[in-house]
Structure formats: C-alpha cells, structure tokens
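One structure is given below, encoded as structure tokens.
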Amino acid sequence: MCLYVFVQILSAYLKFMTDIGVLLGGDNSNRSVIKERMQEVIEFEQAIAKVVCIFVDCYRMYRMSVSG
C-alpha cells in the first residue's frame, strides 16, 4: 500500500475518532484536546499491532519448524 494512502487512512480515522469523542460528550470547543487524546489511542493501537505481528510471525515459524 502506498504511504500516501496509508497517511490518508490514518488522517480519516483520526477525524472519525475525534468526531466520536465529541458525540460521546467531549467539549466541541476543546476539540484539539480530544484530537490529541485520540492520536494517543491510535499510537497505542499501532504499538499493539506491532506486538501482534511479531507474535504471529513467531508462531508461523514455530509451526513450520514442527511440521517440516
């Protein structure tokens, strides 16, 4: 996937999450704070995804060594 497309997707996701934060009771006049918090959530999700990918890769290598 092109990096430009990835950045666009992340940007749209951040906007979506910020909008949801406002809809769930966040102060619309303080939207920048909500956006910062949602950016932190996205960074946390990315960190979890990295760990999961490492685990899946290790599991695949293990399965290949056991079966082969």
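Identifiers for the structure tokens are assigned positionally: chains receive A, B, ... in sequence, residues are indexed from 1 per chain, and ligands are indexed from 1 in the order shown.
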
If we count only C-alpha atoms, what is near range 40-44 of chain A at a cut-off of 12 Å, once residues fewer than 2 positions away on the same chain are taken out, given as an mmCIF file with C-alpha atoms, in the first residue's frame?
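The file below, selection01.cif, is the result:
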data_model
loop_
_atom_site.group_PDB
_atom_site.id
_atom_site.type_symbol
_atom_site.label_atom_id
_atom_site.label_comp_id
_atom_site.auth_asym_id
_atom_site.auth_seq_id
_atom_site.Cartn_x
_atom_site.Cartn_y
_atom_site.Cartn_z
ATOM 1 C CA ILE A 9 -6.468 6.497 6.017
ATOM 2 C CA LEU A 10 -4.883 7.400 9.366
ATOM 3 C CA SER A 11 -5.972 11.005 8.957
ATOM 4 C CA ALA A 12 -9.568 9.971 8.227
ATOM 5 C CA TYR A 13 -9.501 7.557 11.181
ATOM 6 C CA LEU A 14 -8.264 10.328 13.496
ATOM 7 C CA LYS A 15 -11.034 12.643 12.307
ATOM 8 C CA PHE A 16 -13.612 9.877 12.783
ATOM 9 C CA MET A 17 -12.394 9.129 16.309
ATOM 10 C CA THR A 18 -12.354 12.835 17.187
ATOM 11 C CA GLY A 21 -15.253 11.703 21.054
ATOM 12 C CA VAL A 33 -7.589 18.170 23.251
ATOM 13 C CA ILE A 34 -9.886 15.389 22.052
ATOM 14 C CA LYS A 35 -7.810 15.075 18.873
ATOM 15 C CA GLU A 36 -4.599 14.773 20.916
ATOM 16 C CA ARG A 37 -6.121 12.035 23.076
ATOM 17 C CA MET A 38 -7.357 10.152 20.029
ATOM 18 C CA GLN A 46 -0.174 0.743 16.416
ATOM 19 C CA ALA A 47 2.068 -0.490 19.240
ATOM 20 C CA ILE A 48 -0.319 -3.375 19.930
ATOM 21 C CA ALA A 49 -0.412 -4.227 16.211
ATOM 22 C CA LYS A 50 3.394 -4.436 16.115
ATOM 23 C CA VAL A 51 3.444 -6.855 19.042
#
